[in-house]
>>> print(open('structure_37.tsv').read())   # TSV, C-alpha atoms and all ligand atoms
chain	number	residue	atom	x	y	z
A	1253	ALA	CA	63.73	264.25	164.41
A	1254	ALA	CA	65.46	267.58	164.94
A	1255	ARG	CA	65.67	269.99	162.05
A	1256	LYS	CA	68.82	269.48	159.99
A	1257	PRO	CA	71.10	272.51	159.97
A	1258	LYS	CA	71.30	274.60	156.80
A	1259	VAL	CA	74.84	274.27	155.54
A	1260	ILE	CA	75.92	276.52	152.68
A	1261	VAL	CA	78.98	275.32	150.77
A	1262	THR	CA	80.69	278.08	148.80
A	1263	ARG	CA	82.54	276.01	146.17
A	1264	LYS	CA	82.30	272.69	144.34
A	1265	LEU	CA	83.79	269.98	146.59
A	1266	PRO	CA	84.73	266.38	145.63
A	1267	ASP	CA	81.62	264.33	144.78
A	1268	PRO	CA	81.79	261.91	147.75
A	1269	VAL	CA	82.02	264.88	150.11
A	1270	GLU	CA	79.00	266.58	148.57
A	1271	THR	CA	77.00	263.34	148.63
A	1272	ARG	CA	77.70	262.79	152.32
A	1273	MET	CA	76.90	266.40	153.18
A	1274	ARG	CA	73.55	266.10	151.41
A	1275	GLU	CA	72.76	263.00	153.47
A	1276	LEU	CA	73.64	264.59	156.79
A	1277	PHE	CA	72.60	268.22	156.46
A	1278	ASP	CA	70.18	270.54	154.70
A	1279	THR	CA	72.99	271.30	152.27
A	1280	GLU	CA	73.07	274.04	149.68
A	1281	LEU	CA	75.81	273.38	147.14
A	1282	ASN	CA	77.46	275.75	144.69
A	1283	LEU	CA	76.65	274.13	141.36
A	1284	THR	CA	78.68	276.56	139.25
A	1285	ASP	CA	81.97	276.51	141.20
A	1286	ALA	CA	82.41	280.21	140.46
A	1287	PRO	CA	83.84	281.92	143.55
A	1288	MET	CA	81.07	283.64	145.48
A	1289	THR	CA	80.70	287.38	145.08
A	1290	ARG	CA	80.63	289.48	148.26
A	1291	GLN	CA	76.90	289.86	147.77
A	1292	GLN	CA	76.42	286.08	147.57
A	1293	LEU	CA	78.62	285.61	150.62
A	1294	ALA	CA	76.63	288.19	152.59
A	1295	ASP	CA	73.43	286.42	151.55
A	1296	ALA	CA	74.89	283.05	152.59
A	1297	VAL	CA	75.92	284.15	156.10
A	1298	ALA	CA	72.51	285.76	156.53
A	1299	ARG	CA	70.65	282.49	155.85
A	1300	ALA	CA	72.92	279.64	156.99
A	1301	ASP	CA	73.41	277.83	160.28
A	1302	VAL	CA	76.80	276.72	159.00
A	1303	LEU	CA	79.01	278.16	156.27
A	1304	ALA	CA	81.62	275.91	154.63
A	1305	PRO	CA	83.93	278.35	152.84
A	1306	THR	CA	87.33	278.10	151.16
A	1307	ILE	CA	90.28	280.39	150.68
A	1308	THR	CA	88.45	282.25	147.89
A	1309	ASP	CA	85.88	283.61	150.36
A	1310	LYS	CA	87.01	286.70	152.23
A	1311	ILE	CA	84.99	286.58	155.43
A	1312	ASP	CA	85.89	289.89	157.02
A	1313	ALA	CA	84.08	291.98	159.61
A	1314	ALA	CA	81.92	293.61	156.90
A	1315	VAL	CA	80.63	290.23	155.67
A	1316	LEU	CA	80.10	289.08	159.25
A	1317	GLU	CA	77.97	292.20	159.86
A	1318	LYS	CA	75.42	290.48	157.61
A	1319	ALA	CA	75.45	287.24	159.60
A	1320	GLY	CA	72.07	286.08	160.81
A	1321	GLU	CA	71.31	285.04	164.39
A	1322	ARG	CA	71.37	281.40	163.32
A	1323	LEU	CA	74.94	281.37	161.95
A	1324	LYS	CA	76.91	279.41	164.55
A	1325	LEU	CA	79.75	277.73	162.68
A	1326	ILE	CA	82.19	278.54	159.90
A	1327	ALA	CA	83.71	275.18	158.94
A	1328	ASN	CA	86.57	276.14	156.62
A	1329	PHE	CA	87.69	273.75	153.89
A	1330	GLY	CA	91.43	274.25	154.35
A	1331	ALA	CA	94.01	274.66	157.10
A	1332	GLY	CA	94.88	278.35	156.75
A	1333	VAL	CA	92.19	280.74	157.99
A	1334	ASP	CA	93.76	284.10	157.15
A	1335	HIS	CA	90.80	284.87	154.88
A	1336	ILE	CA	88.48	284.73	157.90
A	1337	ASP	CA	88.31	287.34	160.66
A	1338	VAL	CA	88.23	284.75	163.45
A	1339	ASP	CA	88.07	287.33	166.25
A	1340	ALA	CA	85.10	289.09	164.66
A	1341	ALA	CA	83.38	285.71	164.19
A	1342	ASN	CA	84.03	284.62	167.76
A	1343	ALA	CA	82.78	287.97	169.08
A	1344	ARG	CA	79.44	287.10	167.44
A	1345	GLY	CA	79.42	283.65	169.01
A	1346	ILE	CA	80.43	281.96	165.74
A	1347	THR	CA	82.93	279.10	166.00
A	1348	VAL	CA	85.55	278.73	163.26
A	1349	THR	CA	87.06	275.34	162.39
A	1350	ASN	CA	89.70	274.28	159.86
A	1351	THR	CA	91.14	271.04	158.43
A	1352	PRO	CA	94.64	270.53	159.85
A	1353	GLY	CA	96.64	267.32	159.55
A	1354	VAL	CA	95.14	265.87	156.37
A	1355	LEU	CA	97.10	268.00	153.89
A	1356	THR	CA	100.43	267.91	155.73
A	1357	GLU	CA	102.17	265.18	153.74
A	1358	ASP	CA	100.93	266.36	150.34
A	1359	THR	CA	102.01	269.94	150.95
A	1360	ALA	CA	105.40	268.69	152.13
A	1361	ASP	CA	105.71	266.57	148.97
A	1362	LEU	CA	105.02	269.58	146.79
A	1363	THR	CA	107.59	271.58	148.75
A	1364	LEU	CA	110.28	268.99	147.97
A	1365	ALA	CA	109.12	268.95	144.35
A	1366	LEU	CA	109.70	272.72	144.22
A	1367	ILE	CA	113.13	272.43	145.82
A	1368	MET	CA	114.10	269.82	143.21
A	1369	ALA	CA	112.52	271.77	140.36
A	1370	VAL	CA	114.40	274.96	141.20
A	1371	ALA	CA	117.76	273.43	142.12
A	1372	ARG	CA	117.82	271.07	139.11
A	1373	ARG	CA	116.05	273.39	136.64
A	1374	ILE	CA	113.39	270.78	135.92
A	1375	VAL	CA	110.74	273.11	134.49
A	1376	GLU	CA	113.26	275.04	132.43
A	1377	GLY	CA	114.69	271.78	131.05
A	1378	ALA	CA	111.25	270.34	130.31
A	1379	ASP	CA	110.27	273.52	128.46
A	1380	VAL	CA	113.46	273.37	126.37
A	1381	ALA	CA	112.91	269.70	125.54
A	1382	ARG	CA	109.29	270.25	124.55
A	1383	ALA	CA	110.19	273.24	122.41
A	1384	GLY	CA	112.69	271.17	120.42
A	1385	GLY	CA	115.64	272.84	122.12
A	1386	PHE	CA	117.50	269.60	122.98
A	1387	THR	CA	119.97	269.73	120.11
A	1388	GLY	CA	122.70	267.70	121.84
A	1389	TRP	CA	124.23	267.05	125.25
A	1390	ALA	CA	127.03	269.35	126.43
A	1391	PRO	CA	129.22	269.19	129.56
A	1392	THR	CA	128.35	272.64	130.87
A	1393	TRP	CA	124.77	272.93	129.65
A	1394	MET	CA	121.87	273.61	132.05
A	1395	MET	CA	123.82	272.95	135.21
A	1396	GLY	CA	121.81	273.24	138.40
A	1397	ARG	CA	122.88	272.95	142.02
A	1398	ARG	CA	123.47	269.84	144.15
A	1399	ILE	CA	120.93	269.25	146.90
A	1400	THR	CA	122.78	266.72	149.05
A	1401	GLY	CA	124.70	268.33	151.91
A	1402	LYS	CA	123.09	271.74	151.57
A	1403	ARG	CA	121.50	273.71	154.39
A	1404	LEU	CA	117.71	274.00	154.43
A	1405	GLY	CA	116.25	276.71	156.66
A	1406	ILE	CA	112.62	276.08	157.54
A	1407	ILE	CA	110.53	279.02	158.72
A	1408	GLY	CA	107.65	277.68	160.82
A	1409	MET	CA	108.20	274.23	162.28
A	1410	GLY	CA	104.63	273.05	162.69
A	1411	ARG	CA	103.15	269.92	161.13
A	1412	ILE	CA	104.09	270.84	157.56
A	1413	GLY	CA	107.53	272.21	158.45
A	1414	GLN	CA	108.34	268.96	160.24
A	1415	ALA	CA	107.05	266.83	157.36
A	1416	VAL	CA	109.30	268.82	155.01
A	1417	ALA	CA	112.25	268.33	157.37
A	1418	ARG	CA	111.71	264.55	157.43
A	1419	ARG	CA	111.75	264.33	153.65
A	1420	ALA	CA	114.62	266.79	153.27
A	1421	LYS	CA	116.73	264.80	155.70
A	1422	ALA	CA	116.32	261.73	153.48
A	1423	PHE	CA	117.69	263.83	150.60
A	1424	GLY	CA	120.80	264.61	152.64
A	1425	LEU	CA	119.87	268.18	153.46
A	1426	GLN	CA	120.96	269.62	156.80
A	1427	ILE	CA	117.90	270.83	158.71
A	1428	HIS	CA	117.78	274.28	160.30
A	1429	TYR	CA	114.68	276.08	161.48
A	1430	HIS	CA	113.26	279.26	162.91
A	1431	ASN	CA	110.10	279.06	164.99
A	1432	ARG	CA	108.62	280.93	167.93
A	1433	LYS	CA	109.89	278.13	170.10
A	1434	PRO	CA	112.12	275.07	169.62
A	1435	VAL	CA	110.50	271.72	168.83
A	1436	SER	CA	110.57	268.99	171.47
A	1437	PRO	CA	113.98	267.40	172.13
A	1438	ARG	CA	112.67	264.13	170.66
A	1439	ILE	CA	111.76	265.73	167.34
A	1440	ALA	CA	114.92	267.87	167.25
A	1441	GLU	CA	116.95	264.69	167.68
A	1442	GLU	CA	114.99	262.72	165.08
A	1443	LEU	CA	115.42	265.47	162.50
A	1444	GLU	CA	118.92	266.48	163.64
A	1445	ALA	CA	117.50	269.97	163.41
A	1446	THR	CA	119.30	273.13	164.49
A	1447	TYR	CA	117.14	275.86	166.07
A	1448	TRP	CA	117.77	279.50	165.21
A	1449	GLU	CA	116.13	281.97	167.55
A	1450	SER	CA	117.28	284.74	165.22
A	1451	LEU	CA	115.67	284.55	161.78
A	1452	ASP	CA	118.18	287.13	160.48
A	1453	GLN	CA	121.14	284.97	161.45
A	1454	MET	CA	119.61	281.85	159.92
A	1455	LEU	CA	118.82	283.58	156.62
A	1456	ALA	CA	122.45	284.65	156.16
A	1457	ARG	CA	123.67	281.07	156.36
A	1458	MET	CA	121.16	278.97	154.38
A	1459	ASP	CA	121.29	277.54	150.86
A	1460	ILE	CA	117.52	276.97	150.71
A	1461	ILE	CA	114.76	278.74	152.67
A	1462	SER	CA	111.27	277.27	152.87
A	1463	VAL	CA	108.26	279.00	154.43
A	1464	HIS	CA	105.73	276.99	156.48
A	1465	SER	CA	104.16	279.41	158.95
A	1466	PRO	CA	100.56	280.62	158.96
A	1467	HIS	CA	99.84	284.12	157.65
A	1468	THR	CA	99.01	286.31	160.66
A	1469	PRO	CA	99.70	289.97	161.46
A	1470	ALA	CA	102.98	288.75	163.01
A	1471	THR	CA	104.16	286.94	159.86
A	1472	TYR	CA	102.99	289.46	157.23
A	1473	HIS	CA	106.14	290.31	155.17
A	1474	LEU	CA	108.24	288.34	157.63
A	1475	LEU	CA	110.60	288.00	154.67
A	1476	SER	CA	110.78	291.75	154.11
A	1477	ALA	CA	113.08	293.47	151.61
A	1478	ARG	CA	115.61	293.97	154.41
A	1479	ARG	CA	115.56	290.31	155.43
A	1480	LEU	CA	115.67	289.02	151.86
A	1481	LYS	CA	118.91	290.97	151.42
A	1482	LEU	CA	120.48	288.84	154.15
A	1483	LEU	CA	120.28	285.79	151.86
A	1484	GLN	CA	123.32	284.70	149.89
A	1485	PRO	CA	123.18	285.05	146.09
A	1486	HIS	CA	123.20	281.25	145.61
A	1487	ALA	CA	120.15	280.85	147.88
A	1488	ILE	CA	116.78	279.44	146.80
A	1489	VAL	CA	113.46	280.58	148.34
A	1490	ILE	CA	110.46	278.23	148.48
A	1491	ASN	CA	106.94	279.20	149.61
A	1492	THR	CA	104.03	276.78	149.89
A	1493	ALA	CA	102.44	278.63	152.83
A	1494	ARG	CA	101.00	282.07	152.06
A	1495	GLY	CA	102.21	284.71	149.63
A	1496	GLU	CA	101.76	287.55	152.11
A	1497	ILE	CA	104.61	286.21	154.27
A	1498	ILE	CA	107.13	287.36	151.64
A	1499	ASP	CA	107.46	290.85	150.14
A	1500	GLU	CA	106.85	289.46	146.66
A	1501	ASN	CA	107.86	292.60	144.82
A	1502	ALA	CA	111.21	292.74	146.64
A	1503	LEU	CA	111.69	289.02	145.96
A	1504	ALA	CA	111.05	289.50	142.23
A	1505	ASP	CA	113.45	292.45	142.06
A	1506	MET	CA	116.19	290.48	143.80
A	1507	LEU	CA	115.72	287.50	141.51
A	1508	ALA	CA	115.78	289.73	138.44
A	1509	ALA	CA	118.98	291.37	139.71
A	1510	GLY	CA	120.71	288.02	140.21
A	1511	ALA	CA	120.78	288.42	143.99
A	1512	LEU	CA	119.08	285.01	144.41
A	1513	ALA	CA	119.56	281.71	142.54
A	1514	GLY	CA	115.89	280.83	142.18
A	1515	VAL	CA	112.45	280.71	143.76
A	1516	GLY	CA	109.74	278.07	143.92
A	1517	LEU	CA	106.34	279.54	144.72
A	1518	ASP	CA	102.97	277.82	145.09
A	1519	VAL	CA	101.34	280.88	146.70
A	1520	PHE	CA	101.34	284.58	145.86
A	1521	GLU	CA	100.84	287.83	147.68
A	1522	PHE	CA	97.98	288.96	145.44
A	1523	GLU	CA	96.59	285.56	144.49
A	1524	PRO	CA	95.43	284.68	141.88
A	1525	VAL	CA	97.50	287.48	140.30
A	1526	ILE	CA	101.15	286.53	139.86
A	1527	ASN	CA	103.72	289.30	139.82
A	1528	PRO	CA	104.53	289.85	136.10
A	1529	LYS	CA	108.22	290.26	136.90
A	1530	LEU	CA	108.31	286.70	138.25
A	1531	VAL	CA	106.53	285.25	135.23
A	1532	LYS	CA	109.37	286.41	132.99
A	1533	LEU	CA	112.16	284.78	134.99
A	1534	PRO	CA	113.28	281.24	134.04
A	1535	ASN	CA	114.58	280.56	137.56
A	1536	ALA	CA	111.14	281.14	139.08
A	1537	VAL	CA	109.09	277.93	139.29
A	1538	LEU	CA	105.49	279.04	139.76
A	1539	LEU	CA	102.53	276.83	140.63
A	1540	PRO	CA	98.84	277.76	140.98
A	1541	HIS	CA	98.35	276.93	144.71
A	1542	LEU	CA	98.50	273.13	144.37
A	1543	GLY	CA	99.87	272.22	147.84
A	1544	SER	CA	96.84	270.22	148.93
A	1545	ALA	CA	95.59	269.44	145.42
A	1546	THR	CA	95.46	265.65	145.57
A	1547	ILE	CA	92.22	263.69	145.31
A	1548	GLU	CA	93.01	262.11	148.67
A	1549	ALA	CA	93.73	265.34	150.54
A	1550	ARG	CA	90.68	267.11	149.13
A	1551	ILE	CA	88.39	264.23	150.16
A	1552	ASP	CA	90.00	264.10	153.62
A	1553	MET	CA	89.59	267.87	153.96
A	1554	GLY	CA	85.93	267.49	153.10
A	1555	GLU	CA	85.56	264.72	155.67
A	1556	LYS	CA	87.10	266.98	158.30
A	1557	VAL	CA	84.61	269.70	157.43
A	1558	ILE	CA	81.81	267.13	157.83
A	1559	ILE	CA	83.11	265.88	161.18
A	1560	ASN	CA	83.37	269.44	162.49
A	1561	ILE	CA	79.79	270.21	161.44
A	1562	LYS	CA	78.43	266.88	162.66
A	1563	THR	CA	80.08	267.23	166.07
A	1564	TRP	CA	78.64	270.73	166.46
A	1565	MET	CA	75.24	269.47	165.31
A	1566	ASP	CA	75.36	266.79	167.99
A	1567	GLY	CA	75.94	269.45	170.63
A	1568	HIS	CA	79.67	268.99	171.21
A	1569	LYS	CA	82.68	271.18	170.57
A	1570	PRO	CA	84.03	270.52	167.07
A	1571	PRO	CA	87.54	269.02	167.10
A	1572	ASP	CA	89.29	271.55	164.86
A	1573	ARG	CA	88.28	274.82	166.50
A	1574	VAL	CA	90.63	277.66	165.56
A	1575	ILE	CA	91.89	279.49	168.63
A	1576	PRO	CA	93.22	282.90	167.47
A	1577	SER	CA	95.90	283.06	170.18
A	1578	MET	CA	97.33	279.74	168.98
A	1579	LEU	CA	97.83	280.79	165.37
B	1601	LIG	C1	93.68	274.94	150.06
B	1601	LIG	C2	95.47	275.81	151.72
B	1601	LIG	O1	93.89	274.77	148.70
B	1601	LIG	O2	94.67	274.54	153.52
B	1601	LIG	C3	95.19	275.58	153.16
B	1601	LIG	O3	95.53	276.45	153.98
B	1601	LIG	O4	96.04	276.77	151.37
B	1601	LIG	C4	95.01	274.82	150.70
B	1601	LIG	O5	95.06	273.54	151.22
B	1601	LIG	C5	92.80	276.10	150.28
B	1601	LIG	O6	93.16	276.94	151.31
B	1601	LIG	C6	91.42	275.60	150.54
B	1601	LIG	O7	90.57	276.56	151.04
>>> encode(input="structure_37.tsv", output="structure tokens")
Amino acid sequence: AARKPKVIVTRKLPDPVETRMRELFDTELNLTDAPMTRQQLADAVARADVLAPTITDKIDAAVLEKAGERLKLIANFGAGVDHIDVDAANARGITVTNTPGVLTEDTADLTLALIMAVARRIVEGADVARAGGFTGWAPTWMMGRRITGKRLGIIGMGRIGQAVARRAKAFGLQIHYHNRKPVSPRIAEELEATYWESLDQMLARMDIISVHSPHTPATYHLLSARRLKLLQPHAIVINTARGEIIDENALADMLAAGALAGVGLDVFEFEPVINPKLVKLPNAVLLPHLGSATIEARIDMGEKVIINIKTWMDGHKPPDRVIPSML
């Protein structure tokens, strides 16, 4: 039988995924689950045929400099690949794959949870109740904002953006979106979605903004300080995509100044560091990057990693190749 490829996995993955990987490949697991240091990462790319990294591994040109001749595939555990220099990898003949599709619904669920949490002050209320602060009901106490009938502006109408739109429509939200191009007429009709070619114009008219684009050079600080100022003071900003898409410091300043009603963030510009200004604000609902954190999604993501490696091992093109021009 042919030699099994050496697959180095950078983090602890769900048990069934690790078991299957051990069966199929010459798999080296990370038994500590501590994020790899740059030195460990450089050592891994030097020795592996396949690297299975996660978002906590910054695979830039400098790390790829250390790649051995045998490294042929970087099978990322996750959809976003902004932590990997895909062009530099491809230039060395290394294919990069990701895990799209299997975390769509769970990330969309968490997005709706954040919309609800911010608009209805769920975390604030829960904190008050737990702290013994529920001393009696009052007509004007802890009022939030109605969701039904409001305008939701989705930035990035890919798989996750559309899954958010579907759910939001069921909650009576009006769907608006900005994307490089409009969705197909069939989907636009299903979602009753209004396309805004101009992001600036959409921002000025929305009650809720939710970010669902990948982080690329083109979307870095897409919500810049200037654009954030276009939002109305009653607006809510949600981000379950990547922190770098929003100027987080400008967002925190606006929220502190009362120029926004609230924010719901699952991702941060300098992850895992959260802007200390945000931490102090009761109308900021902050989560530690939980979008795809369900048992089901994490197992499915692992299975996708396995399929991508297995397909490559069998001499075919892996299904989830990342094409830089399509990001
Ligand atoms: C993961 C994500 O938690 O898939 C993504 O892009 O952000 C999350 O699902 C993480 O990236 C896994 O590497």
>>> residues_around(input="structure_37.tsv", residues="stretch 1468-1471 of chain A", least_positions_apart="6", cutoff="12 Å", atoms="all atoms listed in the file", output="compact mmCIF listing (two decimals) with C-alpha atoms, in the frame of the given file")
# COMPACT_ATOMS: atom_id res chain seq x y z
CA GLY A 1332 94.88 278.35 156.75
CA VAL A 1333 92.19 280.74 157.99
CA ASP A 1334 93.76 284.10 157.15
CA HIS A 1335 90.80 284.87 154.88
CA ILE A 1336 88.48 284.73 157.90
CA ASP A 1337 88.31 287.34 160.66
CA VAL A 1338 88.23 284.75 163.45
CA ILE A 1407 110.53 279.02 158.72
CA GLY A 1408 107.65 277.68 160.82
CA ASN A 1431 110.10 279.06 164.99
CA ARG A 1432 108.62 280.93 167.93
CA LEU A 1451 115.67 284.55 161.78
CA ALA A 1493 102.44 278.63 152.83
CA ARG A 1494 101.00 282.07 152.06
CA GLY A 1495 102.21 284.71 149.63
CA GLU A 1496 101.76 287.55 152.11
CA ILE A 1497 104.61 286.21 154.27
CA ILE A 1498 107.13 287.36 151.64
CA ASP A 1499 107.46 290.85 150.14
CA PRO A 1576 93.22 282.90 167.47
CA SER A 1577 95.90 283.06 170.18
CA MET A 1578 97.33 279.74 168.98
CA LEU A 1579 97.83 280.79 165.37
>>> atom_distance(input="structure_37.tsv", atom1="atom CA of A:Thr1279", atom2="atom CA of A:Ile1558")
11.2 Å
>>> closest_residue(input="structure_37.tsv", among="A:Gly1330, A:Pro1391, A:Gly1554, A:Pro1540", to="ligand LIG 1601 (chain B)", atoms="all atoms listed in the file")
A:Gly1330
>>> closest_residue(input="structure_37.tsv", among="A:Ala1390, A:Ala1545, A:Ala1254, A:Val1463", to="ligand LIG 1601 (chain B)", atoms="only C-alpha atoms and all ligand atoms")
A:Ala1545
>>> residues_near_ligand(input="structure_37.tsv", ligand="ligand LIG 1601 (chain B)", cutoff="10 Å", atoms="only C-alpha atoms and all ligand atoms", output="VMD selection string")
chain A and resid 1263 1304 to 1309 1328 to 1335 1350 to 1356 1358 to 1359 1466 to 1467 1492 to 1494 1518 to 1519 1540 to 1546 1549 to 1550 1553
>>> residues_near_point(input="structure_37.tsv", point="(121.6, 280.1, 155.7)", cutoff="6 Å", atoms="all atoms listed in the file", output="list in words")
Met1454, Leu1455, Ala1456, Arg1457, Met1458 and Asp1459 of chain A
>>> closest_residue(input="structure_37.tsv", among="A:Ile1346, A:Ala1477, A:Leu1404, A:Val1269", to="A:Glu1321", atoms="only C-alpha atoms")
A:Ile1346
>>> closest_residue(input="structure_37.tsv", among="A:Lys1318, A:Lys1562, A:Lys1256, A:Arg1272", to="A:Gln1291", atoms="only C-alpha atoms")
A:Lys1318
>>> closest_residue(input="structure_37.tsv", among="A:Asn1342, A:Arg1373, A:Gly1410, A:Lys1258", to="A:Trp1393", atoms="only C-alpha atoms")
A:Arg1373
>>> closest_residue(input="structure_37.tsv", among="A:Asn1501, A:Asn1491, A:Ser1476, A:Gln1414", to="A:Leu1517", atoms="all atoms listed in the file")
A:Asn1491
>>> residues_near_point(input="structure_37.tsv", point="(107.7, 264.6, 164.9)", cutoff="8 Å", atoms="all atoms listed in the file", output="ChimeraX atom specification")
/A:1411,1414-1415,1438-1439,1442
>>> write_last_selection(input="structure_37.tsv", atoms="C-alpha atoms", output="compact mmCIF listing (two decimals), keeping the file's coordinate frame")
# COMPACT_ATOMS: atom_id res chain seq x y z
CA ARG A 1411 103.15 269.92 161.13
CA GLN A 1414 108.34 268.96 160.24
CA ALA A 1415 107.05 266.83 157.36
CA ARG A 1438 112.67 264.13 170.66
CA ILE A 1439 111.76 265.73 167.34
CA GLU A 1442 114.99 262.72 165.08
>>> atom_distance(input="structure_37.tsv", atom1="atom CA of A:Ala1487", atom2="atom CA of A:Arg1403")
9.8 Å
>>> residues_around(input="structure_37.tsv", residues="A:Asn1535", least_positions_apart="5", cutoff="7 Å", atoms="all atoms listed in the file", output="PyMOL selection string")
chain A and resi 1370+1514-1515
>>> atom_distance(input="structure_37.tsv", atom1="atom CA of A:Ala1314", atom2="atom CA of A:Phe1520")
24.1 Å
>>> residues_around(input="structure_37.tsv", residues="A:Pro1268", least_positions_apart="2", cutoff="12 Å", atoms="all atoms listed in the file", output="ChimeraX atom specification")
/A:1264-1266,1270-1275,1547-1548,1550-1555,1558
>>> write_last_selection(input="structure_37.tsv", atoms="C-alpha atoms", output="PDB file, keeping the file's coordinate frame")
ATOM      1  CA  LYS A1264      82.300 272.690 144.340  1.00  0.00           C
ATOM      2  CA  LEU A1265      83.790 269.980 146.590  1.00  0.00           C
ATOM      3  CA  PRO A1266      84.730 266.380 145.630  1.00  0.00           C
ATOM      4  CA  GLU A1270      79.000 266.580 148.570  1.00  0.00           C
ATOM      5  CA  THR A1271      77.000 263.340 148.630  1.00  0.00           C
ATOM      6  CA  ARG A1272      77.700 262.790 152.320  1.00  0.00           C
ATOM      7  CA  MET A1273      76.900 266.400 153.180  1.00  0.00           C
ATOM      8  CA  ARG A1274      73.550 266.100 151.410  1.00  0.00           C
ATOM      9  CA  GLU A1275      72.760 263.000 153.470  1.00  0.00           C
ATOM     10  CA  ILE A1547      92.220 263.690 145.310  1.00  0.00           C
ATOM     11  CA  GLU A1548      93.010 262.110 148.670  1.00  0.00           C
ATOM     12  CA  ARG A1550      90.680 267.110 149.130  1.00  0.00           C
ATOM     13  CA  ILE A1551      88.390 264.230 150.160  1.00  0.00           C
ATOM     14  CA  ASP A1552      90.000 264.100 153.620  1.00  0.00           C
ATOM     15  CA  MET A1553      89.590 267.870 153.960  1.00  0.00           C
ATOM     16  CA  GLY A1554      85.930 267.490 153.100  1.00  0.00           C
ATOM     17  CA  GLU A1555      85.560 264.720 155.670  1.00  0.00           C
ATOM     18  CA  ILE A1558      81.810 267.130 157.830  1.00  0.00           C
TER      19      ILE A1558
END
>>> residues_around(input="structure_37.tsv", residues="A:Arg1479", least_positions_apart="4", cutoff="8 Å", atoms="only C-alpha atoms", output="list in words")
Asp1452, Leu1455, Leu1474, Leu1475 and Leu1483 of chain A
